[in-house]
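Containing PDB, C-alpha atoms and all ligand atoms: input-v9.pdb.
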ATOM      1  CA  MET A   1     -15.210  36.538  47.544
ATOM      2  CA  SER A   2     -11.786  37.683  46.447
ATOM      3  CA  GLN A   3     -11.245  40.178  43.663
ATOM      4  CA  THR A   4      -8.813  39.821  40.772
ATOM      5  CA  PHE A   5      -6.241  41.680  38.712
ATOM      6  CA  THR A   6      -3.840  40.458  36.021
ATOM      7  CA  ILE A   7      -0.069  40.033  35.875
ATOM      8  CA  ASP A   8       1.281  39.509  32.370
ATOM      9  CA  GLY A   9      -2.201  38.401  31.350
ATOM     10  CA  ARG A  10      -2.675  35.891  34.154
ATOM     11  CA  VAL A  11      -5.649  36.402  36.465
ATOM     12  CA  ILE A  12      -4.582  36.776  40.108
ATOM     13  CA  PRO A  13      -7.066  36.668  42.998
ATOM     14  CA  PHE A  14      -6.362  38.868  46.005
ATOM     15  CA  GLU A  15      -7.821  39.843  49.353
ATOM     16  CA  VAL A  16      -8.415  43.518  50.044
ATOM     17  CA  GLY A  17      -5.318  44.982  51.669
ATOM     18  CA  GLN A  18      -2.848  42.650  49.991
ATOM     19  CA  THR A  19       0.004  44.067  47.944
ATOM     20  CA  VAL A  20       0.680  43.025  44.368
ATOM     21  CA  MET A  21       3.769  41.159  45.635
ATOM     22  CA  GLN A  22       1.770  39.242  48.256
ATOM     23  CA  ALA A  23      -0.963  38.272  45.817
ATOM     24  CA  ALA A  24       1.600  37.272  43.177
ATOM     25  CA  SER A  25       3.577  35.131  45.664
ATOM     26  CA  GLN A  26       0.381  33.463  46.800
ATOM     27  CA  ALA A  27      -0.451  32.643  43.181
ATOM     28  CA  GLY A  28       3.036  31.198  42.626
ATOM     29  CA  ILE A  29       4.283  34.062  40.490
ATOM     30  CA  TYR A  30       7.829  35.208  41.168
ATOM     31  CA  ILE A  31       8.551  38.930  41.070
ATOM     32  CA  PRO A  32      12.273  39.601  41.670
ATOM     33  CA  HIS A  33      12.873  41.207  45.068
ATOM     34  CA  LEU A  34      15.678  41.694  47.568
ATOM     35  CA  CYS A  35      14.419  43.944  50.363
ATOM     36  CA  TYR A  36      10.992  42.299  50.654
ATOM     37  CA  HIS A  37      10.503  39.641  53.323
ATOM     38  CA  PRO A  38       7.022  38.291  54.035
ATOM     39  CA  ALA A  39       7.484  38.667  57.788
ATOM     40  CA  PHE A  40       8.097  42.421  57.657
ATOM     41  CA  LYS A  41       6.456  45.608  56.494
ATOM     42  CA  PRO A  42       7.890  46.338  53.030
ATOM     43  CA  ASN A  43      10.425  49.157  53.023
ATOM     44  CA  GLY A  44      10.572  49.570  49.235
ATOM     45  CA  SER A  45      14.292  50.291  49.032
ATOM     46  CA  CYS A  46      15.775  47.989  46.368
ATOM     47  CA  LYS A  47      13.249  48.630  43.562
ATOM     48  CA  LEU A  48      13.942  45.192  42.075
ATOM     49  CA  CYS A  49      10.230  44.402  42.360
ATOM     50  CA  THR A  50       9.182  47.314  40.158
ATOM     51  CA  VAL A  51       6.316  46.499  37.809
ATOM     52  CA  LYS A  52       4.293  48.573  35.367
ATOM     53  CA  VAL A  53       0.661  49.299  36.126
ATOM     54  CA  ASN A  54      -1.307  51.051  33.446
ATOM     55  CA  GLY A  55       1.987  52.291  32.013
ATOM     56  CA  ARG A  56       3.358  53.623  35.330
ATOM     57  CA  GLN A  57       6.194  52.076  37.317
ATOM     58  CA  SER A  58       5.597  51.055  40.900
ATOM     59  CA  ALA A  59       7.243  48.876  43.539
ATOM     60  CA  SER A  60       5.025  45.797  43.763
ATOM     61  CA  CYS A  61       5.967  45.126  47.391
ATOM     62  CA  THR A  62       4.302  48.363  48.514
ATOM     63  CA  LEU A  63       1.567  48.662  45.875
ATOM     64  CA  ARG A  64      -1.893  47.642  47.086
ATOM     65  CA  ALA A  65      -3.668  45.330  44.681
ATOM     66  CA  GLN A  66      -6.825  46.728  43.136
ATOM     67  CA  SER A  67      -9.521  45.047  41.175
ATOM     68  CA  GLY A  68      -8.983  45.211  37.419
ATOM     69  CA  MET A  69      -5.349  46.328  37.619
ATOM     70  CA  VAL A  70      -3.274  45.392  34.569
ATOM     71  CA  VAL A  71       0.261  44.630  35.789
ATOM     72  CA  GLU A  72       3.285  43.975  33.599
ATOM     73  CA  SER A  73       6.228  42.262  35.278
ATOM     74  CA  ASP A  74       8.130  39.692  33.258
ATOM     75  CA  THR A  75       8.836  41.851  30.208
ATOM     76  CA  GLU A  76      12.142  42.505  28.457
ATOM     77  CA  GLU A  77      11.985  46.213  29.318
ATOM     78  CA  ILE A  78      11.314  45.714  33.041
ATOM     79  CA  ASN A  79      13.818  42.900  33.373
ATOM     80  CA  ALA A  80      16.490  45.057  31.690
ATOM     81  CA  GLU A  81      15.949  47.687  34.392
ATOM     82  CA  ARG A  82      16.086  45.047  37.110
ATOM     83  CA  ARG A  83      19.309  43.725  35.602
ATOM     84  CA  MET A  84      20.815  47.213  35.720
ATOM     85  CA  LEU A  85      19.808  47.663  39.374
ATOM     86  CA  THR A  86      21.374  44.296  40.166
ATOM     87  CA  GLN A  87      24.587  45.264  38.381
ATOM     88  CA  MET A  88      24.718  48.465  40.419
ATOM     89  CA  LEU A  89      24.370  46.498  43.647
ATOM     90  CA  PHE A  90      27.255  44.273  42.597
ATOM     91  CA  VAL A  91      29.641  47.172  41.905
ATOM     92  CA  GLU A  92      28.661  49.216  44.977
ATOM     93  CA  GLY A  93      29.906  46.468  47.296
ATOM     94  CA  ASN A  94      32.566  43.798  47.157
ATOM     95  CA  HIS A  95      30.828  40.663  45.906
ATOM     96  CA  PHE A  96      33.239  37.924  44.911
ATOM     97  CA  CYS A  97      30.902  34.973  44.454
ATOM     98  CA  PRO A  98      33.496  32.219  43.853
ATOM     99  CA  SER A  99      35.027  32.783  47.297
ATOM    100  CA  CYS A 100      31.890  33.837  49.208
ATOM    101  CA  GLU A 101      30.564  31.309  51.674
ATOM    102  CA  LYS A 102      26.980  32.433  50.939
ATOM    103  CA  SER A 103      27.339  31.384  47.294
ATOM    104  CA  GLY A 104      24.380  29.226  46.334
ATOM    105  CA  ASN A 105      22.303  30.622  49.199
ATOM    106  CA  CYS A 106      22.654  34.271  48.188
ATOM    107  CA  GLN A 107      19.596  36.035  46.816
ATOM    108  CA  LEU A 108      21.652  38.685  45.024
ATOM    109  CA  GLN A 109      23.606  36.004  43.152
ATOM    110  CA  ALA A 110      20.453  33.987  42.432
ATOM    111  CA  THR A 111      18.612  37.079  41.204
ATOM    112  CA  ALA A 112      21.519  37.929  38.899
ATOM    113  CA  TYR A 113      21.307  34.423  37.423
ATOM    114  CA  HIS A 114      17.548  34.741  37.040
ATOM    115  CA  LEU A 115      17.906  38.037  35.194
ATOM    116  CA  GLY A 116      20.645  36.730  32.930
ATOM    117  CA  MET A 117      23.266  39.160  34.227
ATOM    118  CA  MET A 118      26.488  38.266  32.441
ATOM    119  CA  SER A 119      28.804  40.990  33.811
ATOM    120  CA  PRO A 120      28.775  43.853  36.353
ATOM    121  CA  HIS A 121      28.844  46.303  33.398
ATOM    122  CA  PHE A 122      29.683  49.339  35.580
ATOM    123  CA  ASP A 123      33.044  50.236  37.164
ATOM    124  CA  HIS A 124      33.531  48.689  40.589
ATOM    125  CA  PHE A 125      33.597  51.056  43.566
ATOM    126  CA  PHE A 126      35.731  48.622  45.600
ATOM    127  CA  PRO A 127      34.700  50.173  48.934
ATOM    128  CA  ASP A 128      37.033  49.623  51.857
ATOM    129  CA  ARG A 129      34.919  48.179  54.660
ATOM    130  CA  ALA A 130      36.283  46.404  57.721
ATOM    131  CA  VAL A 131      35.021  42.968  58.731
ATOM    132  CA  ASP A 132      33.714  42.623  62.310
ATOM    133  CA  ALA A 133      34.781  39.276  63.755
ATOM    134  CA  SER A 134      34.409  40.382  67.371
ATOM    135  CA  HIS A 135      31.300  38.318  68.197
ATOM    136  CA  PRO A 136      31.925  34.713  69.307
ATOM    137  CA  ASP A 137      29.276  33.229  66.998
ATOM    138  CA  ILE A 138      28.752  35.674  64.127
ATOM    139  CA  LEU A 139      31.014  37.278  61.542
ATOM    140  CA  LEU A 140      29.913  40.481  59.838
ATOM    141  CA  ASP A 141      31.270  41.176  56.367
ATOM    142  CA  PHE A 142      29.973  44.650  55.568
ATOM    143  CA  ASN A 143      31.488  44.451  52.076
ATOM    144  CA  ARG A 144      28.416  42.561  50.894
ATOM    145  CA  CYS A 145      25.714  44.721  52.445
ATOM    146  CA  ILE A 146      23.024  45.818  49.972
ATOM    147  CA  LEU A 147      21.264  48.015  52.562
ATOM    148  CA  CYS A 148      18.006  46.087  52.409
ATOM    149  CA  SER A 149      17.187  46.979  56.060
ATOM    150  CA  LEU A 150      15.921  43.494  56.888
ATOM    151  CA  CYS A 151      18.353  42.970  59.778
ATOM    152  CA  VAL A 152      17.399  46.409  61.102
ATOM    153  CA  GLN A 153      13.686  45.528  60.995
ATOM    154  CA  ALA A 154      14.198  42.030  62.435
ATOM    155  CA  SER A 155      16.321  43.261  65.321
ATOM    156  CA  ARG A 156      13.931  46.074  66.154
ATOM    157  CA  GLU A 157      10.563  44.407  65.551
ATOM    158  CA  VAL A 158      11.147  40.756  66.451
ATOM    159  CA  ASP A 159      14.240  40.655  68.678
ATOM    160  CA  LYS A 160      13.414  43.999  70.381
ATOM    161  CA  LYS A 161      17.101  44.875  70.457
ATOM    162  CA  GLN A 162      17.953  47.490  67.805
ATOM    163  CA  VAL A 163      21.398  46.007  67.183
ATOM    164  CA  PHE A 164      21.580  47.342  63.598
ATOM    165  CA  ALA A 165      20.848  50.690  61.964
ATOM    166  CA  LEU A 166      21.436  52.418  58.659
ATOM    167  CA  SER A 167      23.446  55.621  58.897
ATOM    168  CA  GLY A 168      24.401  58.347  56.409
ATOM    169  CA  ARG A 169      22.724  59.472  53.219
ATOM    170  CA  GLY A 170      22.716  58.612  49.536
ATOM    171  CA  ILE A 171      25.877  56.846  48.412
ATOM    172  CA  GLY A 172      27.266  57.312  51.949
ATOM    173  CA  THR A 173      24.544  55.168  53.551
ATOM    174  CA  HIS A 174      25.994  52.270  55.501
ATOM    175  CA  LEU A 175      25.083  49.701  58.108
ATOM    176  CA  ILE A 176      26.205  50.392  61.660
ATOM    177  CA  ILE A 177      26.129  48.502  64.948
ATOM    178  CA  ASN A 178      24.407  50.237  67.834
ATOM    179  CA  ALA A 179      27.229  50.020  70.365
ATOM    180  CA  ARG A 180      29.574  52.718  71.565
ATOM    181  CA  SER A 181      32.494  50.715  70.195
ATOM    182  CA  GLY A 182      30.637  49.898  66.955
ATOM    183  CA  ARG A 183      31.471  46.226  67.513
ATOM    184  CA  LEU A 184      28.917  43.416  67.445
ATOM    185  CA  ALA A 185      30.513  41.800  70.498
ATOM    186  CA  ASP A 186      29.459  44.820  72.549
ATOM    187  CA  THR A 187      25.745  44.266  71.850
ATOM    188  CA  ASP A 188      23.381  41.584  73.124
ATOM    189  CA  PHE A 189      23.109  40.061  69.639
ATOM    190  CA  SER A 190      22.599  36.311  69.657
ATOM    191  CA  LEU A 191      22.682  33.520  67.109
ATOM    192  CA  ALA A 192      19.027  32.812  67.942
ATOM    193  CA  ASP A 193      17.971  36.317  66.894
ATOM    194  CA  LYS A 194      15.705  36.726  63.879
ATOM    195  CA  ALA A 195      18.206  39.286  62.619
ATOM    196  CA  ALA A 196      20.774  36.493  62.349
ATOM    197  CA  GLN A 197      18.580  34.728  59.787
ATOM    198  CA  VAL A 198      17.279  37.345  57.383
ATOM    199  CA  CYS A 199      20.280  38.671  55.460
ATOM    200  CA  PRO A 200      19.718  37.929  51.747
ATOM    201  CA  VAL A 201      23.452  38.172  51.041
ATOM    202  CA  GLY A 202      26.637  37.152  52.842
ATOM    203  CA  VAL A 203      26.975  39.800  55.553
ATOM    204  CA  ILE A 204      25.706  38.077  58.710
ATOM    205  CA  LEU A 205      27.489  34.748  58.784
ATOM    206  CA  LYS A 206      27.430  32.042  61.389
ATOM    207  CA  LYS A 207      30.957  31.132  62.450
ATOM    208  CA  ARG A 208      32.368  27.588  62.243
ATOM    209  CA  THR A 209      29.757  26.448  59.699
ATOM    210  CA  GLY A 210      31.126  27.950  56.470
ATOM    211  CA  PHE A 211      31.008  25.546  53.545
ATOM    212  CA  ALA A 212      29.393  22.834  55.721
ATOM    213  CA  VAL A 213      27.020  22.346  52.783
ATOM    214  CA  PRO A 214      29.195  21.999  49.682
ATOM    215  CA  ILE A 215      28.878  24.390  46.763
ATOM    216  CA  GLY A 216      26.565  22.734  44.275
ATOM    217  CA  GLN A 217      24.198  21.419  46.941
ATOM    218  CA  ARG A 218      22.856  24.705  48.219
ATOM    219  CA  THR A 219      19.380  26.209  47.887
ATOM    220  CA  TYR A 220      19.811  28.000  44.573
ATOM    221  CA  ASP A 221      22.191  25.364  43.218
ATOM    222  CA  GLN A 222      19.225  22.986  43.383
ATOM    223  CA  GLN A 223      16.527  25.244  41.938
ATOM    224  CA  PRO A 224      16.312  28.817  40.700
ATOM    225  CA  ILE A 225      15.076  31.626  42.881
ATOM    226  CA  SER A 226      12.001  31.949  40.665
ATOM    227  CA  VAL A 227      10.585  28.633  41.883
ATOM    228  CA  PRO A 228       7.429  29.514  43.822
ATOM    229  CA  GLY A 229       7.912  29.619  47.546
ATOM    230  CA  LYS A 230      11.643  30.256  47.453
ATOM    231  CA  VAL A 231      11.420  33.569  49.213
ATOM    232  CA  ALA A 232      13.653  35.209  51.767
ATOM    233  CA  GLU A 233      12.280  33.524  54.853
ATOM    234  CA  GLU A 234      13.221  30.077  53.617
ATOM    235  CA  ILE A 235      16.921  30.760  53.381
ATOM    236  CA  ARG A 236      18.968  29.651  56.306
ATOM    237  CA  HIS A 237      22.666  29.876  57.015
ATOM    238  CA  ASP A 238      23.683  26.323  56.284
TER     239      ASP A 238
HETATM  240  S1  LIG B   1      23.447  43.166  56.609
HETATM  241 FE1  LIG B   1      22.197  41.945  55.202
HETATM  242  S2  LIG B   1      20.126  42.136  56.078
HETATM  243 FE2  LIG B   1      21.328  43.806  56.955
HETATM  244  S3  LIG B   1      21.000  45.581  55.614
HETATM  245 FE3  LIG B   1      22.875  44.542  54.902
HETATM  246  S4  LIG B   1      22.167  43.131  53.303
HETATM  247 FE4  LIG B   1      20.355  43.722  54.465
HETATM  248  S1  LIG B   2      11.438  44.180  47.010
HETATM  249 FE1  LIG B   2      10.156  45.875  46.568
HETATM  250  S2  LIG B   2      11.508  47.555  46.667
HETATM  251 FE2  LIG B   2      12.771  45.871  47.266
END

I'd like the structure from this file rewritten - as structure tokens, please.
Amino acid sequence: MSQTFTIDGRVIPFEVGQTVMQAASQAGIYIPHLCYHPAFKPNGSCKLCTVKVNGRQSASCTLRAQSGMVVESDTEEINAERRMLTQMLFVEGNHFCPSCEKSGNCQLQATAYHLGMMSPHFDHFFPDRAVDASHPDILLDFNRCILCSLCVQASREVDKKQVFALSGRGIGTHLIINARSGRLADTDFSLADKAAQVCPVGVILKKRTGFAVPIGQRTYDQQPISVPGKVAEEIRHD
């Protein structure tokens, strides 16, 4: 028999070993997240999924559920912190939603809408990052990378290729391509790779398909990201 804990007063059943995020998703409760993907071990980097348990903050994607836990998630205080983290992600990269071909399918944009983010609030960094168009099928726009690590995990764990890696430290952390030239074309990356499908934002883009699905008819144009089941693995590059 499964045990239970509560999220915002709602009783959630869980199996031993499940995280708070897994149990919440299973129960149809949305906890904002960007670096969590159900197919991979959580890396706990974005902190968007932070909840309060008995007054202490914790990332729900790495926190094991325990019987009797009292979890707060959808509160004004926690959502204000999530909004601030989202604003920081927007200013650290170059995210220009009206001209981005991932608009409507982008989890960062959809999360910002969910959290009621009305402006970036902070000064933009405007980093200068080159686009890699060397690969015949894929374009990489590093300007939108939020360093979630999902492409790194997918390439290493599913594709067995190690095409991507994170390099540097702190504010200098950036995504690199594991090739002497640093170019995607000089790797064995393929459109069929899992790593080509997991980016929550508009970095890894399939060529010759941009805007095939019109703005207004895309995943998060149809329903908000908080609708149960609309998690990372369901997003495809239309
Ligand atoms: S390219 Fe996309 S999947 Fe890879 S680390 Fe950046 S945001 Fe995450
Ligand atoms: S989703 Fe939990 S830290 Fe990113």

*Given the PyMOL selection byres (((not hetatm)) within 10 of (chain B and resi 2)), the residues it picks as a VMD selection string*: chain A and resid 21 31 to 37 42 to 51 58 to 63 148 to 149

*Run the PyMOL selection byres (((chain A and resi 92) around 10) and not hetatm) mentally over the shown coordinates, then write out the matched residues as JSON, numbers by chain, using the chain letters and numbers from the document.*
{"A": [87, 88, 89, 90, 91, 93, 94, 95, 122, 123, 124, 125, 126, 127, 143, 144, 145, 146, 171]}

*Contacts of stretch 66-68 of chain A within 9 Å, only C-alpha atoms, excl. fewer than 5 positions in-chain, as a PyMOL selection string*: chain A and resi 3-6+13-14+16-20

Tell me, counting all atoms listed in the file, for each residue of chain A within 8 Å of ligand LIG 1 (chain B), which pair of atoms is nearest and how far apart they are in Å to one decimal, in rows ordered by chain and increasing number, as a tab-separated table.
residue	atom	partner	partner_atom	distance
A:Cys35	CA	B:LIG1	FE4	7.2
A:Leu140	CA	B:LIG1	S1	7.7
A:Phe142	CA	B:LIG1	S1	6.8
A:Arg144	CA	B:LIG1	S4	6.7
A:Cys145	CA	B:LIG1	FE3	3.8
A:Ile146	CA	B:LIG1	S4	4.4
A:Leu147	CA	B:LIG1	S3	3.9
A:Cys148	CA	B:LIG1	FE4	3.9
A:Ser149	CA	B:LIG1	S3	4.1
A:Leu150	CA	B:LIG1	S2	4.5
A:Cys151	CA	B:LIG1	FE2	4.2
A:Val152	CA	B:LIG1	FE2	6.3
A:Phe164	CA	B:LIG1	FE2	7.5
A:Leu166	CA	B:LIG1	S3	7.5
A:Leu175	CA	B:LIG1	S3	6.3
A:Ala195	CA	B:LIG1	S2	7.4
A:Val198	CA	B:LIG1	S2	5.7
A:Cys199	CA	B:LIG1	S2	3.5
A:Pro200	CA	B:LIG1	FE1	5.8
A:Val201	CA	B:LIG1	S4	5.6
A:Gly202	CA	B:LIG1	FE1	6.9
A:Val203	CA	B:LIG1	S1	5.0
A:Ile204	CA	B:LIG1	S1	6.0

*Using only C-alpha atoms, pick whichever of A:Asp159, A:Glu101, A:Asp74, A:Asp188 has the shortest atom-to-atom distance to A:His114.*
A:Asp74

*A:Arg183: which residues within 9 Å, counting all atoms listed in the file, same-chain residues fewer than 5 positions away excluded, as a PyMOL selection string?*
chain A and resi 132-135+176-178

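Between atom CA of A:Ser155 and atom CA of A:Arg129 there is a distance of 22.0 Å.
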
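Nearest-residue note for A:Pro120: choosing from A:Gln153, A:Ser99, A:Met84, A:Gln223, the minimum distance belongs to A:Met84, counting all atoms listed in the file.
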
*For atom CA of A:Ala110 and atom CA of A:Pro224, the interatomic separation in Å (one decimal)*: 6.8 Å

*Can you turn the PyMOL selection byres (((chain A and resi 214) around 10) and not hetatm) into a concrete residue list for this file, as a PyMOL selection string?*
chain A and resi 101+103-104+210-213+215-218+238

*Determine, counting all atoms listed in the file, which protein, DNA and RNA residues have an atom within 10 Å of an atom of A:Met117; residues of the same chain fewer than 4 positions away are not included. Present the result as a ChimeraX atom specification.*
/A:80,82-84,86-87,109,111-113,121

Selection from above, C-alpha atoms, as an mmCIF file, in the coordinates of the input, can you write it?
data_model
loop_
_atom_site.group_PDB
_atom_site.id
_atom_site.type_symbol
_atom_site.label_atom_id
_atom_site.label_comp_id
_atom_site.auth_asym_id
_atom_site.auth_seq_id
_atom_site.Cartn_x
_atom_site.Cartn_y
_atom_site.Cartn_z
ATOM 1 C CA ALA A 80 16.490 45.057 31.690
ATOM 2 C CA ARG A 82 16.086 45.047 37.110
ATOM 3 C CA ARG A 83 19.309 43.725 35.602
ATOM 4 C CA MET A 84 20.815 47.213 35.720
ATOM 5 C CA THR A 86 21.374 44.296 40.166
ATOM 6 C CA GLN A 87 24.587 45.264 38.381
ATOM 7 C CA GLN A 109 23.606 36.004 43.152
ATOM 8 C CA THR A 111 18.612 37.079 41.204
ATOM 9 C CA ALA A 112 21.519 37.929 38.899
ATOM 10 C CA TYR A 113 21.307 34.423 37.423
ATOM 11 C CA HIS A 121 28.844 46.303 33.398
#

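Checking A:Ala65, A:Val158, A:Ala23, A:Leu184 one by one against A:Leu139, counting all atoms listed in the file, you find the shortest gap at A:Leu184.
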
*atom CA of A:Gly170 and atom CA of A:Asp141 are how many Å apart?*
20.6 Å

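Considering all atoms listed in the file, the residue among A:Thr75, A:Ser119, A:Gln197, A:Gln57 positioned nearest to A:Ala154 is A:Gln197.
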
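Minimum distance to A:Arg208 across A:Ile138, A:Ile225, A:Ile7, A:Val131 (counting all atoms listed in the file) occurs at A:Ile138.
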
*Compare A:Phe40, A:Tyr30, A:Phe189, A:Tyr220 by their minimum atom-to-atom distance to A:Gln107, counting only C-alpha atoms, and give me the closest one.*
A:Tyr220

Report the centre and edge lengths, in Å to one decimal, of an axis-aligned box enclosing every atom of stretch 168-180 of chain A listed in the file, padded by 4 Å on each side, as JSON.
{"center_x": 26.1, "center_y": 54.0, "center_z": 60.0, "size_x": 14.9, "size_y": 19.0, "size_z": 31.2}
